[in-house]
Every structure is written in structure tokens, then in C-alpha cells.
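Q: One file: entry_18.txt (compact mmCIF, C-alpha atoms).
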```txt
# COMPACT_ATOMS: atom_id res chain seq x y z
CA MET A 10 22.93 -5.95 2.33
CA PHE A 11 21.21 -4.38 5.33
CA LEU A 12 17.46 -4.33 5.63
CA SER A 13 15.39 -1.31 6.36
CA LYS A 14 13.95 0.10 9.49
CA SER A 15 12.53 3.54 9.99
CA PHE A 16 14.56 5.47 12.53
CA PRO A 17 13.68 8.17 15.04
CA PRO A 18 15.01 11.62 14.09
CA ALA A 19 17.12 12.11 17.22
CA GLU A 20 19.01 8.87 16.64
CA ALA A 21 19.56 9.78 13.00
CA ILE A 22 21.05 13.16 13.83
CA ARG A 23 23.56 11.56 16.21
CA SER A 24 25.00 9.62 13.28
CA SER A 25 28.79 9.70 13.14
CA HIS A 26 28.89 9.34 9.34
CA LEU A 27 29.33 13.06 8.81
CA HIS A 28 32.55 13.30 10.77
CA ALA A 29 34.05 10.37 8.89
CA TYR A 30 33.02 11.95 5.61
CA LEU A 31 34.61 15.29 6.46
CA ARG A 32 37.92 13.65 7.39
CA LEU A 33 38.41 12.90 3.69
CA SER A 34 41.11 14.93 2.03
CA SER A 35 39.95 17.78 -0.16
CA TYR A 36 39.58 16.96 -3.84
CA GLN A 37 39.02 18.60 -7.20
CA VAL A 38 36.24 17.81 -9.66
CA SER A 39 37.23 17.89 -13.30
CA SER A 40 35.41 20.56 -15.26
CA SER A 41 35.69 18.79 -18.61
CA PRO A 42 32.71 19.76 -20.79
CA TYR A 43 33.07 16.81 -23.14
CA SER A 44 31.66 13.87 -21.24
CA PRO A 45 30.12 13.27 -17.85
CA LEU A 46 32.34 10.21 -17.63
CA ASP A 47 35.36 12.54 -17.50
CA ARG A 48 33.90 14.52 -14.62
CA PHE A 49 32.52 11.74 -12.46
CA SER A 50 33.83 8.49 -11.11
CA PHE A 51 31.85 6.29 -8.75
CA ARG A 52 32.79 3.30 -6.65
CA LYS A 53 31.11 0.06 -7.62
CA ALA A 54 28.19 -0.65 -5.29
CA SER A 55 28.19 -3.81 -3.19
CA GLU A 56 26.39 -6.80 -4.63
CA PHE A 57 22.76 -7.14 -3.61
CA GLY A 58 20.33 -10.03 -3.58
CA ASN A 59 16.77 -10.91 -2.69
CA ALA A 60 15.87 -12.14 0.78
CA ASP A 61 14.36 -15.60 1.19
CA LYS A 62 10.91 -14.08 1.66
CA CYS A 63 10.89 -12.78 -1.90
CA ARG A 64 9.05 -14.50 -4.71
CA SER A 65 10.16 -18.03 -5.45
CA THR A 66 13.54 -18.28 -7.16
CA ASP A 67 11.80 -20.53 -9.69
CA HIS A 68 10.31 -17.35 -11.13
CA LYS A 69 12.78 -15.78 -13.52
CA ILE A 70 12.07 -12.14 -14.31
CA THR A 71 11.74 -11.97 -18.08
CA GLY A 72 11.86 -8.24 -18.78
CA VAL A 73 10.38 -4.84 -18.08
CA CYS A 74 6.80 -6.18 -18.44
CA ASP A 75 7.18 -8.77 -15.66
CA PRO A 76 4.29 -8.27 -13.20
CA SER A 77 6.48 -8.92 -10.14
CA LEU A 78 8.60 -5.81 -10.72
CA VAL A 79 8.55 -2.58 -8.73
CA HIS A 80 9.05 0.30 -11.18
CA VAL A 81 10.99 3.40 -10.14
CA ALA A 82 11.64 6.40 -12.41
CA ILE A 83 14.46 8.89 -11.73
CA THR A 84 16.08 11.55 -13.91
CA LEU A 85 19.81 11.41 -14.62
CA ASP A 86 21.71 14.55 -15.50
CA VAL A 87 25.23 15.79 -14.90
CA GLU A 88 24.22 18.40 -12.34
CA TYR A 89 22.35 15.99 -10.06
CA LEU A 90 24.04 12.72 -11.04
CA ARG A 91 25.70 12.23 -7.68
CA GLY A 92 22.33 12.55 -5.99
CA SER A 93 20.64 10.10 -8.38
CA ILE A 94 23.33 7.47 -7.78
CA ALA A 95 22.93 7.88 -4.01
CA ALA A 96 19.14 7.56 -4.32
CA VAL A 97 19.46 4.28 -6.25
CA HIS A 98 22.02 3.00 -3.75
CA SER A 99 19.71 3.76 -0.83
CA ILE A 100 16.78 1.94 -2.46
CA LEU A 101 18.88 -1.17 -3.05
CA GLN A 102 20.28 -1.12 0.49
CA HIS A 103 16.86 -1.04 2.11
CA SER A 104 14.88 -3.31 -0.24
CA LEU A 105 13.95 -6.78 0.88
CA CYS A 106 13.76 -7.75 -2.80
CA PRO A 107 16.22 -5.43 -4.62
CA GLU A 108 16.39 -7.74 -7.64
CA ASN A 109 12.70 -7.02 -8.22
CA VAL A 110 13.22 -3.27 -8.59
CA PHE A 111 13.40 -1.97 -12.16
CA PHE A 112 14.76 1.54 -12.67
CA HIS A 113 13.63 3.79 -15.50
CA PHE A 114 16.22 6.54 -15.98
CA LEU A 115 15.15 9.65 -17.86
CA VAL A 116 18.20 11.13 -19.55
CA SER A 117 19.20 13.87 -21.95
CA ASP A 118 22.77 12.55 -22.19
CA THR A 119 23.12 8.92 -23.26
CA ASP A 120 26.71 8.62 -21.90
CA LEU A 121 25.26 8.28 -18.41
CA GLU A 122 23.97 4.78 -19.12
CA THR A 123 27.52 3.39 -19.15
CA LEU A 124 28.30 5.07 -15.85
CA VAL A 125 25.23 3.52 -14.19
CA ARG A 126 26.15 0.07 -15.47
CA SER A 127 29.69 0.28 -14.11
CA THR A 128 28.43 1.45 -10.69
CA PHE A 129 25.56 -1.07 -10.42
CA PRO A 130 26.51 -4.10 -12.58
CA GLN A 131 23.49 -6.13 -11.41
CA LEU A 132 20.91 -3.38 -11.76
CA LYS A 133 17.77 -3.89 -13.81
CA PHE A 134 17.31 -0.62 -15.66
CA LYS A 135 16.62 1.11 -18.93
CA ALA A 136 17.53 4.64 -20.02
CA TYR A 137 14.93 6.72 -21.85
CA TYR A 138 16.07 9.70 -23.86
CA PHE A 139 14.03 12.81 -23.14
CA ASP A 140 14.37 15.42 -25.86
CA PRO A 141 14.61 18.88 -24.23
CA ALA A 142 12.98 20.38 -27.33
CA ILE A 143 9.67 18.83 -26.25
CA VAL A 144 9.29 21.39 -23.45
CA ARG A 145 11.75 24.15 -24.31
CA ASN A 146 9.04 26.42 -25.72
CA LEU A 147 6.72 25.67 -22.79
CA ILE A 148 9.09 26.52 -19.93
CA SER A 149 8.74 29.90 -18.24
CA SER A 150 11.33 31.65 -16.07
CA SER A 151 11.29 30.66 -12.40
CA VAL A 152 12.52 31.87 -9.02
CA ARG A 153 15.53 29.53 -9.32
CA GLN A 154 17.29 28.69 -12.59
CA ALA A 155 17.64 25.02 -11.67
CA LEU A 156 13.84 24.75 -11.74
CA GLU A 157 13.85 25.73 -15.43
CA GLN A 158 15.86 22.72 -16.65
CA PRO A 159 13.93 20.69 -19.26
CA LEU A 160 14.60 17.38 -17.51
CA ASN A 161 12.54 18.64 -14.54
CA TYR A 162 9.52 18.29 -16.82
CA ALA A 163 10.27 14.73 -17.96
CA ARG A 164 7.95 13.38 -15.22
CA ASN A 165 5.05 14.86 -17.21
CA TYR A 166 5.82 12.41 -20.01
CA LEU A 167 6.35 9.14 -18.14
CA ALA A 168 3.15 7.68 -19.59
CA ASP A 169 4.54 8.24 -23.09
CA LEU A 170 8.17 7.34 -22.44
CA LEU A 171 7.69 4.07 -20.54
CA GLU A 172 6.46 0.86 -22.14
CA PRO A 173 2.65 0.50 -22.29
CA CYS A 174 2.90 -2.65 -20.16
CA VAL A 175 4.22 -0.56 -17.24
CA ARG A 176 0.99 0.19 -15.43
CA ARG A 177 2.32 1.94 -12.33
CA VAL A 178 5.52 3.78 -11.46
CA ILE A 179 7.08 5.51 -8.47
CA TYR A 180 8.63 8.81 -9.52
CA LEU A 181 11.48 10.08 -7.34
CA ASP A 182 13.58 13.24 -7.42
CA SER A 183 17.38 12.98 -7.48
CA ASP A 184 18.01 14.75 -4.17
CA LEU A 185 16.66 12.15 -1.76
CA VAL A 186 17.46 8.85 -0.08
CA VAL A 187 15.04 6.07 0.82
CA VAL A 188 15.55 4.50 4.25
CA ASP A 189 12.70 1.99 4.13
CA ASP A 190 11.60 -0.77 1.78
CA ILE A 191 10.42 0.83 -1.49
CA ALA A 192 7.93 -2.05 -1.89
CA LYS A 193 5.85 -0.48 0.90
CA LEU A 194 5.47 2.71 -1.13
CA TRP A 195 4.77 0.67 -4.26
CA SER A 196 1.81 -1.06 -2.58
CA THR A 197 0.02 2.26 -1.94
CA ASN A 198 -3.72 2.01 -2.57
CA LEU A 199 -4.58 4.83 -4.98
CA GLY A 200 -8.30 4.00 -5.03
CA SER A 201 -9.88 5.98 -7.87
CA ARG A 202 -7.01 8.49 -8.01
CA THR A 203 -4.31 8.71 -10.68
CA ILE A 204 -1.49 9.82 -8.40
CA GLY A 205 -0.61 9.38 -4.75
CA ALA A 206 1.66 11.66 -2.72
CA PRO A 207 2.05 13.01 0.82
CA GLU A 208 -0.21 16.08 1.09
CA TYR A 209 0.42 19.15 3.25
CA CYS A 210 -2.95 20.80 3.76
CA HIS A 211 -1.63 23.21 6.42
CA ALA A 212 0.59 24.93 3.82
CA ASN A 213 -0.56 28.25 2.38
CA PHE A 214 -1.81 27.02 -0.97
CA THR A 215 -2.49 30.50 -2.34
CA LYS A 216 1.23 31.39 -2.44
CA TYR A 217 1.88 28.94 -5.27
CA PHE A 218 -0.02 31.18 -7.70
CA THR A 219 0.03 34.89 -8.51
CA SER A 220 -2.58 37.42 -7.43
CA GLY A 221 -3.57 37.64 -11.10
CA PHE A 222 -4.42 33.92 -11.03
CA TRP A 223 -6.65 34.22 -7.96
CA SER A 224 -8.42 37.33 -9.20
CA ALA A 225 -9.38 35.76 -12.53
CA GLU A 226 -12.30 33.35 -12.22
CA ARG A 227 -11.34 31.66 -15.49
CA PHE A 228 -8.14 30.49 -13.76
CA SER A 229 -8.98 30.14 -10.05
CA GLY A 230 -12.28 28.48 -10.95
CA THR A 231 -10.33 25.35 -11.80
CA PHE A 232 -10.29 24.57 -8.05
CA LYS A 233 -14.03 24.97 -7.63
CA GLY A 234 -15.49 21.95 -5.90
CA ARG A 235 -12.01 20.73 -4.91
CA LYS A 236 -10.14 21.01 -1.61
CA PRO A 237 -6.66 21.61 -3.00
CA CYS A 238 -3.61 20.91 -0.83
CA TYR A 239 0.07 21.38 -1.58
CA PHE A 240 1.97 18.21 -2.44
CA ASN A 241 5.60 17.80 -3.46
CA THR A 242 6.03 16.25 -6.92
CA GLY A 243 9.42 14.73 -5.99
CA VAL A 244 7.74 11.61 -4.57
CA MET A 245 4.70 10.28 -6.41
CA VAL A 246 3.05 6.94 -7.12
CA ILE A 247 1.43 7.19 -10.55
CA ASP A 248 -1.22 5.00 -12.16
CA LEU A 249 -0.05 5.16 -15.76
CA VAL A 250 -3.13 3.37 -17.09
CA LYS A 251 -5.44 6.10 -15.79
CA TRP A 252 -2.97 8.82 -16.82
CA ARG A 253 -2.92 7.56 -20.41
CA ARG A 254 -6.67 7.11 -20.56
CA VAL A 255 -7.44 10.65 -19.39
CA GLY A 256 -4.52 12.29 -21.19
CA TYR A 257 -3.07 14.24 -18.26
CA THR A 258 0.08 15.22 -20.14
CA LYS A 259 -1.98 17.44 -22.46
CA ARG A 260 -3.74 19.03 -19.49
CA ILE A 261 -0.40 19.92 -17.87
CA GLU A 262 0.91 21.30 -21.16
CA ARG A 263 -2.18 23.48 -21.52
CA TRP A 264 -1.49 25.20 -18.18
CA MET A 265 2.15 25.71 -19.21
CA GLU A 266 0.92 27.42 -22.37
CA ILE A 267 -1.34 29.70 -20.32
CA GLN A 268 1.61 30.54 -18.06
CA LYS A 269 3.59 31.79 -21.06
CA THR A 270 1.00 34.51 -21.73
CA ASP A 271 -0.60 35.19 -18.33
CA ARG A 272 2.10 34.52 -15.70
CA ILE A 273 -0.08 32.68 -13.21
CA TYR A 274 2.74 31.21 -11.05
CA GLU A 275 6.43 31.75 -10.15
CA LEU A 276 7.78 28.24 -9.54
CA GLY A 277 8.82 25.75 -12.22
CA SER A 278 7.25 22.34 -12.84
CA LEU A 279 5.20 22.11 -9.61
CA PRO A 280 2.25 24.51 -10.25
CA PRO A 281 0.94 22.74 -13.39
CA PHE A 282 0.76 19.53 -11.34
CA LEU A 283 -1.11 21.36 -8.59
CA LEU A 284 -3.54 22.82 -11.12
CA VAL A 285 -4.37 19.41 -12.54
CA PHE A 286 -4.20 17.19 -9.44
CA ALA A 287 -4.48 19.20 -6.18
CA GLY A 288 -7.54 17.98 -4.30
CA ARG A 289 -7.49 14.79 -6.37
CA VAL A 290 -4.51 13.05 -4.78
CA ALA A 291 -4.49 9.76 -2.90
CA PRO A 292 -2.80 10.74 0.39
CA ILE A 293 0.38 8.92 1.37
CA GLU A 294 1.94 9.00 4.85
CA HIS A 295 4.26 11.97 5.42
CA ARG A 296 7.06 9.59 6.36
CA TRP A 297 7.50 9.02 2.61
CA ASN A 298 8.57 12.59 1.93
CA GLN A 299 10.45 14.33 4.72
CA HIS A 300 11.04 17.22 2.33
CA GLY A 301 12.55 20.69 2.57
CA LEU A 302 15.94 19.55 3.89
CA GLY A 303 17.62 21.72 1.24
CA GLY A 304 16.14 24.86 2.77
CA ASP A 305 14.30 27.44 0.70
CA ASN A 306 14.77 28.23 -2.99
CA VAL A 307 17.18 31.11 -2.31
CA ARG A 308 19.38 30.62 0.76
CA GLY A 309 19.29 26.83 1.14
CA SER A 310 19.49 27.14 4.94
CA CYS A 311 19.61 24.14 7.28
CA ARG A 312 16.31 22.54 8.23
CA GLY A 313 15.31 19.90 10.74
CA LEU A 314 13.04 16.89 10.34
CA HIS A 315 9.29 17.11 10.67
CA PRO A 316 7.96 15.20 13.70
CA GLY A 317 7.24 11.52 13.18
CA PRO A 318 8.79 8.46 11.55
CA VAL A 319 11.05 8.65 8.50
CA SER A 320 11.02 6.47 5.38
CA LEU A 321 12.41 8.96 2.87
CA LEU A 322 14.63 12.05 3.30
CA HIS A 323 14.32 14.72 0.62
CA TRP A 324 16.70 17.67 0.16
CA SER A 325 14.23 19.77 -1.81
CA GLY A 326 15.21 23.44 -1.87
CA SER A 327 18.42 25.02 -3.12
CA GLY A 328 20.87 23.41 -0.66
CA LYS A 329 22.09 19.97 -1.78
CA PRO A 330 23.94 17.65 0.63
CA TRP A 331 26.81 16.86 -1.76
CA ASP A 332 27.56 20.56 -2.31
CA ARG A 333 27.43 21.36 1.39
CA LEU A 334 29.60 18.38 2.30
CA ASP A 335 32.16 19.29 -0.36
CA SER A 336 32.32 22.86 0.87
CA ARG A 337 32.75 21.55 4.45
CA ARG A 338 29.75 23.56 5.57
CA PRO A 339 27.23 20.74 6.01
CA CYS A 340 23.93 20.80 7.80
CA PRO A 341 23.47 18.16 10.54
CA LEU A 342 21.04 16.08 8.48
CA ASP A 343 23.47 15.87 5.54
CA ALA A 344 25.12 13.12 7.60
CA LEU A 345 22.17 10.91 6.67
CA TRP A 346 22.86 11.30 2.95
CA ALA A 347 26.62 10.72 3.09
CA PRO A 348 26.57 6.89 3.63
CA TYR A 349 24.86 6.40 0.25
CA ASP A 350 27.31 8.58 -1.70
CA LEU A 351 29.37 6.43 -4.08
CA TYR A 352 31.36 9.31 -5.55
CA ARG A 353 35.03 8.35 -5.90
CA HIS A 354 37.01 11.11 -4.17
CA SER A 355 40.35 12.15 -5.61
CA HIS A 356 42.92 12.68 -2.89
```
Please re-express this file's structure in C-alpha cells.
A:
Amino acid sequence: MFLSKSFPPAEAIRSSHLHAYLRLSSYQVSSSPYSPLDRFSFRKASEFGNADKCRSTDHKITGVCDPSLVHVAITLDVEYLRGSIAAVHSILQHSLCPENVFFHFLVSDTDLETLVRSTFPQLKFKAYYFDPAIVRNLISSSVRQALEQPLNYARNYLADLLEPCVRRVIYLDSDLVVVDDIAKLWSTNLGSRTIGAPEYCHANFTKYFTSGFWSAERFSGTFKGRKPCYFNTGVMVIDLVKWRRVGYTKRIERWMEIQKTDRIYELGSLPPFLLVFAGRVAPIEHRWNQHGLGGDNVRGSCRGLHPGPVSLLHWSGSGKPWDRLDSRRPCPLDALWAPYDLYRHSH
């Protein structure tokens, strides 16, 4: 196990991992439609263990309700499975106390549970089936088809899916790697807020909604008295106790229902979150979501890092590092994802 340290961008870009990765022989991915286990094979991750500084070994973690656990929720689906496995691997590699991390996997295909177990035999996790029918009639068309997948909306239902004893959770997208100790993110002080996330107040907030939204007071008035800023929903710390008490899932669903009749935004699952929470977010350091590395939602062009330290790299946008590496047309920063990839290449 190697412990975390945040690294300066220039040093990261000089990584030699990419060249080693691209020396691999080309390979074919099976297109079997029957089981994800037929299509994917992953190497077993190295064993991991807690450092001496972790809680006394006399304390035996008893289950998902144990108060010493750090809870992380990630979706698992065939399309992004390789990314999810890499994300988990990165968290374990950089955690001082990896045995104290409990993963909550949101799935629509139960076969994936076996694959996770074979890749991470020691992992503390539970798979939660998310029925696509719950949101199928609420989803509107988006600028990119991938944004319309039902599992993208599973984060809206974490408070219902997870056990009531789970009071807080870190939600992470599948196209990222963590290069710092996840316990630091877990300890975020949310104050009176329900969610915490890095905010980007310099972004043009108006572009996330249609002109029809802004011209109708009954819609745009929702931001009255708030100072809304864009935040990326791929990295969030969520107070599930407050979420359940207020009933935020219903509030998000209500905006999705309005979207079906009034077309107030163009993107997928992000705008309803902005409508409910923008201006009411506990700010988290930007180092915890160096996002946009996948380029825009159409071309997926290469992007550089934002200035400052890095704790989490996020390939939001249409370009994914595994696709670009496989096609042998990677972006420089894809070299930082490659070391966490456990995909078993066929020579």
C-alpha cells in the first residue's frame, strides 16, 4: 500500500505511466450481451490494510452501521464499470485506513457484485439494486445520450436506498480517481447544509437553464434570495439525516416533472440538483474535484488541470480515459488514470 500525497500538476503530467500503458499489445473486448462477467475481466487488487494510526485493532467493525466507517457510494454499470473499479482502487491505495471504508454500490445488474468481490476480496461493500423504472418516466432527453441513463439518477435516492443508520455518505462518479486520503473529504464540516461540494461561482450559471426558464418568474424565482453557483454533482458529501428529514428526493422529482412539460434545461441529472441546492451548498476545496478532464459534452477534447493542488481527478465530459487509452489517442492527463486500471488485457 502507498499512502497519499497531493501532487503538483507539472510533476503529474511528467508521469511515465502512459508510455508503459501504451506499450501493451492491442486487445479485443468481447461484445457478449449476456453477462458483464463475459465482457470484463479484472486483475485482483493488491491486499490492503490499515496503518498503525488507525483506530485500535481491538475495535472490530461489526457491520454497515459501525460509527467508525467512511461511507462511499458509487454506481456500477457495464458502460462505466472499468472506471468504477479504478475509482475504488485509487481510494484504497491512498487511504490511511482502507479497512474503514465501506462502499455502497448502486447497480441495475446484480451480476456485477460477483465481479467486485473477485477483484477486491477484502472489500467492505454492499450492492443496492436501483430499479430503472423509478425514474424512466421522469427522464427527459439531454445533449448527450449517456446523461439520460437511469443509473445517473440513483444519487437522488441514496437516502432511501441506504440503511437508515448511514447518516452521511460521499457520492462519487465512476470517471474519477482519488489521489488523497478519502477520510479528509469525509470529515468536511457541512454546518447547517445538507450537501457539500466544490463550487464554481465564476461559471456562467444562466447557461444551465433555458431562456424560457429565466423569463418565467414562477421558475427563475426559485433562486430569489439565493446566490446560486454551479457545482458538479460527481463529488458530493451528503448529510442523509437532513436529506431524509426535509424530503429532498421529492423536491428533485418535482423539477423533473416540470421539465417534462416545460423544457427548462438541456442537461441530464445536474439541473434538478442545482434548482434545489445551488446557493445552499457547503463549499469544499476545489482540489477535491479537478473536473472537466473529459472535455466538453460533444467533442471530449483534451483539457489541462486547474491551478492549485490536486486530491481528486475527474474525467467529466464525453472523453473517458479508458476509451482514449484503448484507441491509442490519449490525452496527457489520462496517464494519471492508467495506474489504477485493473482491467485484464487480452494479448
Q: So which residues are close to (18.5, -11.1, -3.1), meaning at most 9 Å away in the file's coordinates with all atoms listed in the file counted, and can you show them as a list in words?
A: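 Nearby residues: Met10, Phe57, Gly58, Asn59, Ala60, Asp61, Cys63, Leu105, Cys106, Pro107, Glu108 and Asn109 of chain A.
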Q: Separation of CA of Lys135 in chain A and CA of His68 in chain A, in Å?
A: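 Rounded to one decimal, the two atoms are 21.0 Å apart.
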Q: I'd like the neighbourhood of range 247-251 of chain A as a ChimeraX atom specification, where a residue qualifies if any of its atoms comes within 7 Å (using all atoms listed in the file), though same-chain residues fewer than 5 positions away should be ignored.
A: /A:168,176-179,203-205
Q: Go through A:Lys329, A:Pro281, A:Pro130, A:Arg145 one by one, measure the shortest atom-to-atom distance of each to Glu262 in chain A using only C-alpha atoms, and give the residue with the smallest value.
A: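 Closest to Glu262 in chain A, using only C-alpha atoms: A:Pro281.
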Q: Centre and edge lengths of an axis-aligned box around all listed atoms of range 290-308 of chain A, with 3 Å added on each side, are to be given in Å to one decimal, as JSON.
A:
```
{"center_x": 7.4, "center_y": 20.0, "center_z": 0.8, "size_x": 29.9, "size_y": 28.2, "size_z": 17.1}
```
Q: Would you work out the distance separating CA of His315 in chain A from CA of Ser327 in chain A, expressed in Å to one decimal?
A: 18.3 Å
Q: List as a PyMOL selection string the protein and nucleic acid residues near Phe139 in chain A, meaning an atom at most 8 Å away when all atoms listed in the file are counted, but skip any in the same chain fewer than 4 places from it.
A: chain A and resi 115-117+160+163
Q: Which polymer residues have any atom within 12 Å of an atom of Arg164 in chain A, counting only C-alpha atoms, with same-chain residues fewer than 5 positions away left out, as a ChimeraX atom specification?
A: /A:81-84,113-116,137,139,144,159,169-171,178-182,242-247,249,252,257-258,261,278-279,281-282
Q: Quick one: of A:Val110, A:Met265, A:Ile148, A:Leu85, who's nearest to Val125 in chain A, counting all atoms listed in the file?
A: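 Result for the nearest residue to Val125 in chain A: A:Leu85.
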